[in-house]
Each structure stands twice: as C-alpha cells, then as structure tokens.
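K.L.:
I'd like to ask some things about the structure below.
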Amino acid sequence: MIKKIMLLFGFLFFLTSCKNEVKKEIVTALKKEVTSTTTSVKTYDYNQLKPLLEKKDDKTYVINFWATWCAPCVKELPYFEKINKEYADKNVAVLLVSLDFPKQVEKKLIPFINRKKLQSEVVLLDDVNEDVWIKAIDESWSGALPATIIYTKNKRKFYEQSFDYETLENELKTFLNP
Amino acid sequence: MKTIESILLLAVVVFTTAAFTLKNSGGYKVGDTIEDFRLKNIDGTMVSLFDYEDAKGFIIIFTCNTCPYSVANEDRIIALNDKYQEEGYPVIAINPNDPAAVPDDSFDKMKVRADEKGFNFPYLLDEGQNVYPKFGASKTPHVYIVTKEDMKVQYIGAIDNSSRNPDTVTEKYVENAVDALLAGKTIEKTETRAIGCSIKTI
C-alpha cells in the first residue's frame, strides 16, 4: 500500500515538473515573438548612404553617427531612442549610422542592438574613403564621434558634439516649428 | 591728453585682436608656427621638441590606450617611427585624454600599453590637457607633422586612407608627406580626415 502511494506521488511529481517544462517553453517562445531579434544590419558605402542624408520629403530626419565602442555615443543613444519614440507621430525619423569595425558586426553590433533593444533603424557605414565622405557629410566635421545631423528638405544642421536629451530635443524643435 | 587717448585706443585694438584671436583659435592650421611643449614621458623624463637636436621635424600623434581607432593604428605608428626616426622625423605620441574621465588612459596604464605593444617612441601625457587644444586636436588618432627649423605645421590629419583596416590601405598620407619633406618637395595632401574618438575631458 505504502509502495503504491509512493509510486502515485512519484507519478504526480513527474507530471507537475513536466508541465512546468512545457510552460517554460511556451513563455520563452512568446517572449521571442514580442521582442523581435535583430539578426543582420544593412551595410552601406557612402554613395549608398548619401540618399538617406538628403531626402526631400516632409519628414524631419535625425542622423546619429556612433559606434558601440564609443562611450559618449552609447551614453547619448537613449536620447535618440526617446526622440524616435516620442516624435514618431510628428513625422520625425531617427537613423543610427554605426561606424563599428565591419569585422565586429556579428560579434558586437548585433548583440548590442538586441541587448539595448534599439528601436531606431541601424545601418553600418563601411567605406574606407573617409577623407572624402567625412568632408562630404559636413565640411566642419573633423571625424570625431559622436556626430549628428538634423535635417528637413529646407534646413540642415551638423553637430560634432554629444547631446543630453534636453539639448537634442530643443535642437529638434527648431526644425519642427518654423 | 593725446597720449592717453592713443594708449586707450591701442588698448582697445589689442583687446579686440586678442578676443578675436581667442574666439577663432580652433588650433593650429597648416602653415602655422607651433609653440614647443614640455610633457612627461612614460619613462618619467620630460620631453620637449627642442631636446631633439638632430631632428628635421616631428610626427606628432595624439593617441590613447582606449580608442579602438588608436589601437587599430598602433602597429602603423610603430612602423612610422621605425621608418622615419633615423631620417630625422621621429614619432612623438601624446595622450590628450584626462585620466579622470577615462581611467584606462592613466599614466600607469599608458606605461602598461606601451610595454605590451613595444612602443619605440615617447608616449607623453598631456597633463592638465593644455597642449591638445593649442593644436586643435579633436580626436584620437590625430596627426600633425611639424618641421623643426621653423616649427611650422606641414600636415594635419589621418595616418592613411583606411583607419579601420590596415589591409585595405591604398594611400599612406603621413608617409607621402614626410617623403615629400625629405625630398624637398611640396606635400600633395596637407589635410586629410578620418574617423576617430572624441578627446575625453571632464
């Protein structure tokens, strides 16, 4: 009799743990669906990136040049993310142009995007002709990171500096309220 | 009375010029005469440009331990010194970052990095961060080639045209500039740009 009871308990225990496993699996699967993981990043040379820096539509574009290894860039990224989220309905789009080392896209950039759950579009600029495109992006840019462009079809400003949220938002507002 | 007026006028002129100059001092441009500096090397000695009696000029490079673009260029900087020290153009590396802002760029960490990589050139700390603003350096790495006799800036910019990847270099800006100076020729490209890390201060 005791043996039978023990066996029953054992069986019950087995069932419950089994159920937990299944539950766990379902939860993980669900989570994966909610936060879509980034698995690749588009790579552009300057000529391919250029059209994204001079669109003539009615949007306001905030372009941030950054890299995962650049501490001040990483620090200000949440502000660009916040702009991307809070100004989406005001026709503002944020583009994060990474200058990470092309060899480290898989190992550093993509895991970083997923870890920080970046929602703004991220592209990689891989073009060795730095002397040409740094000047082309802005005559005043020395090449230091971070750097930012805010533009509309009528107005354009370049910033070789770091931002806090307030400064960034105030700059953006000068483009939104002509 | 006239004298006082003149003095006042002169004072105004001097003051305005000074203010104007300060406002526009984005650092040295090509052709400018530089001031010598005196900075502490990782071996504890003080280094200034006038110490180099036999030099024809200098390859001054603002660089640091922590910037990946600097690290990606370390072997190239060592090679530059190997090639040009004997010819009279030694490399002088200066770390412009404030260690209070970037602990890994401290004087002690500079020694460690120089030792690991076998730096064959002086690696100076810009203590107090007073030298790099005079040059107008904005990032690491940032190169200034200076001729010694007139202390004039001959070149400002990048080491070559592929900072991220040494295997895809097709134009060696610094080598071309120093070669031109050694041959008494005009430097073709006196200013170039490359991506780098902003200089960190508190």
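By order of appearance in the structure tokens: chains A, B, ..., then residues from 1 within every chain, and ligands from 1 in the order shown.
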Show me, as number ranges by chain, the residues that have an atom within 10 Å of Ser162 in chain B when counting only C-alpha atoms, minus same-chain residues fewer than 4 positions from it.

P.N.:
A: 127-131; B: 73, 158, 166-172, 194-195

K.L.:
Those same residues, written as a PDB file, in the first residue's frame with C-alpha atoms?

P.N.:
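Written output follows (again_34.pdb):
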```pdb
ATOM      1  CA  ASP A 127      33.644  52.914 -46.644  1.00  0.00           C
ATOM      2  CA  VAL A 128      37.404  53.270 -46.460  1.00  0.00           C
ATOM      3  CA  ASN A 129      37.373  56.570 -48.273  1.00  0.00           C
ATOM      4  CA  GLU A 130      36.985  58.511 -45.033  1.00  0.00           C
ATOM      5  CA  ASP A 131      38.866  61.571 -46.227  1.00  0.00           C
TER       6      ASP A 131
ATOM      7  CA  ASN B  73      46.709  52.168 -35.750  1.00  0.00           C
ATOM      8  CA  ALA B 158      44.987  60.826 -40.759  1.00  0.00           C
ATOM      9  CA  PRO B 166      45.307  48.160 -42.416  1.00  0.00           C
ATOM     10  CA  ASP B 167      44.840  45.595 -45.198  1.00  0.00           C
ATOM     11  CA  THR B 168      42.871  47.956 -47.412  1.00  0.00           C
ATOM     12  CA  VAL B 169      45.210  50.964 -47.288  1.00  0.00           C
ATOM     13  CA  THR B 170      45.839  52.417 -50.731  1.00  0.00           C
ATOM     14  CA  GLU B 171      47.199  55.835 -49.767  1.00  0.00           C
ATOM     15  CA  LYS B 172      49.675  56.485 -46.949  1.00  0.00           C
ATOM     16  CA  ALA B 194      39.492  60.056 -40.636  1.00  0.00           C
ATOM     17  CA  ILE B 195      37.029  58.810 -38.078  1.00  0.00           C
TER      18      ILE B 195
END
```

K.L.:
Could you tell me which residues of chain B sit within 10 Å of chain A when counting only C-alpha atoms, and give me the result as a PyMOL selection string?

P.N.:
chain B and resi 66-69+72+102+137-142+157-158+160-165+168-171+191-200

K.L.:
So that I can see what lies close to range 47-53 of chain B, please list as a ChimeraX atom specification the residues with an atom at most 10 Å from it, counting only C-alpha atoms and leaving out residues fewer than 4 positions away in the same chain.

P.N.:
/B:35-41,57-58,88-90,92,122-124,148,151

K.L.:
List the neighbours of Cys64 in chain B out to 8 Å using only C-alpha atoms; skip same-chain residues closer than 4 positions along the sequence, and give me the result as a PyMOL selection string.

P.N.:
chain B and resi 70-71+94-97+105+110+140-141

K.L.:
List every residue of range 77-131 of chain A that has an atom at most 8 Å from any atom of range 34-47 of chain A, giving for each one its closest atom pair and the distance in Å to one decimal, counting only C-alpha atoms, sorted by chain and then by ascending residue number, as a Markdown table.

P.N.:
```
| residue | atom | partner | partner_atom | distance |
| --- | --- | --- | --- | --- |
| A:Val105 | CA | A:Val41 | CA | 7.8 |
| A:Glu106 | CA | A:Ser40 | CA | 7.9 |
| A:Ile110 | CA | A:Thr38 | CA | 6.5 |
| A:Ile113 | CA | A:Thr38 | CA | 7.1 |
| A:Asn114 | CA | A:Thr37 | CA | 6.1 |
| A:Lys117 | CA | A:Thr35 | CA | 7.9 |
| A:Val122 | CA | A:Val41 | CA | 6.8 |
| A:Val123 | CA | A:Lys42 | CA | 5.1 |
| A:Leu124 | CA | A:Thr43 | CA | 4.7 |
| A:Leu125 | CA | A:Tyr44 | CA | 5.1 |
| A:Asp126 | CA | A:Asp45 | CA | 5.3 |
| A:Asp127 | CA | A:Asp45 | CA | 4.9 |
```

K.L.:
I need the residue nearest Ile77 in chain B from this list: B:Asp54, B:Glu175, B:Glu149, B:Asp32. Use only C-alpha atoms for the distance.

P.N.:
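So, comparing all the options, the nearest one is B:Glu175.
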
K.L.:
Taking only range 3-168 of chain A into account, list the residues labelled strand (DSSP E) by DSSP (computed from the backbone), as a ChimeraX atom specification.

P.N.:
/A:42-44,60-66,92-98,121-125,144-145,147-151,156-159

K.L.:
For a test of reading the model, state the distance in Å between CA of Tyr165 in chain A and CA of Lys75 in chain A, rounded to one decimal.

P.N.:
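Interatomic distance here is 10.7 Å.
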
K.L.:
Show me, as an MDAnalysis selection string, the residues that have an atom within 6 Å of range 49-63 of chain A when counting only C-alpha atoms, minus same-chain residues fewer than 4 positions from it.

P.N.:
chainID A and resid 44 91:96 148:153
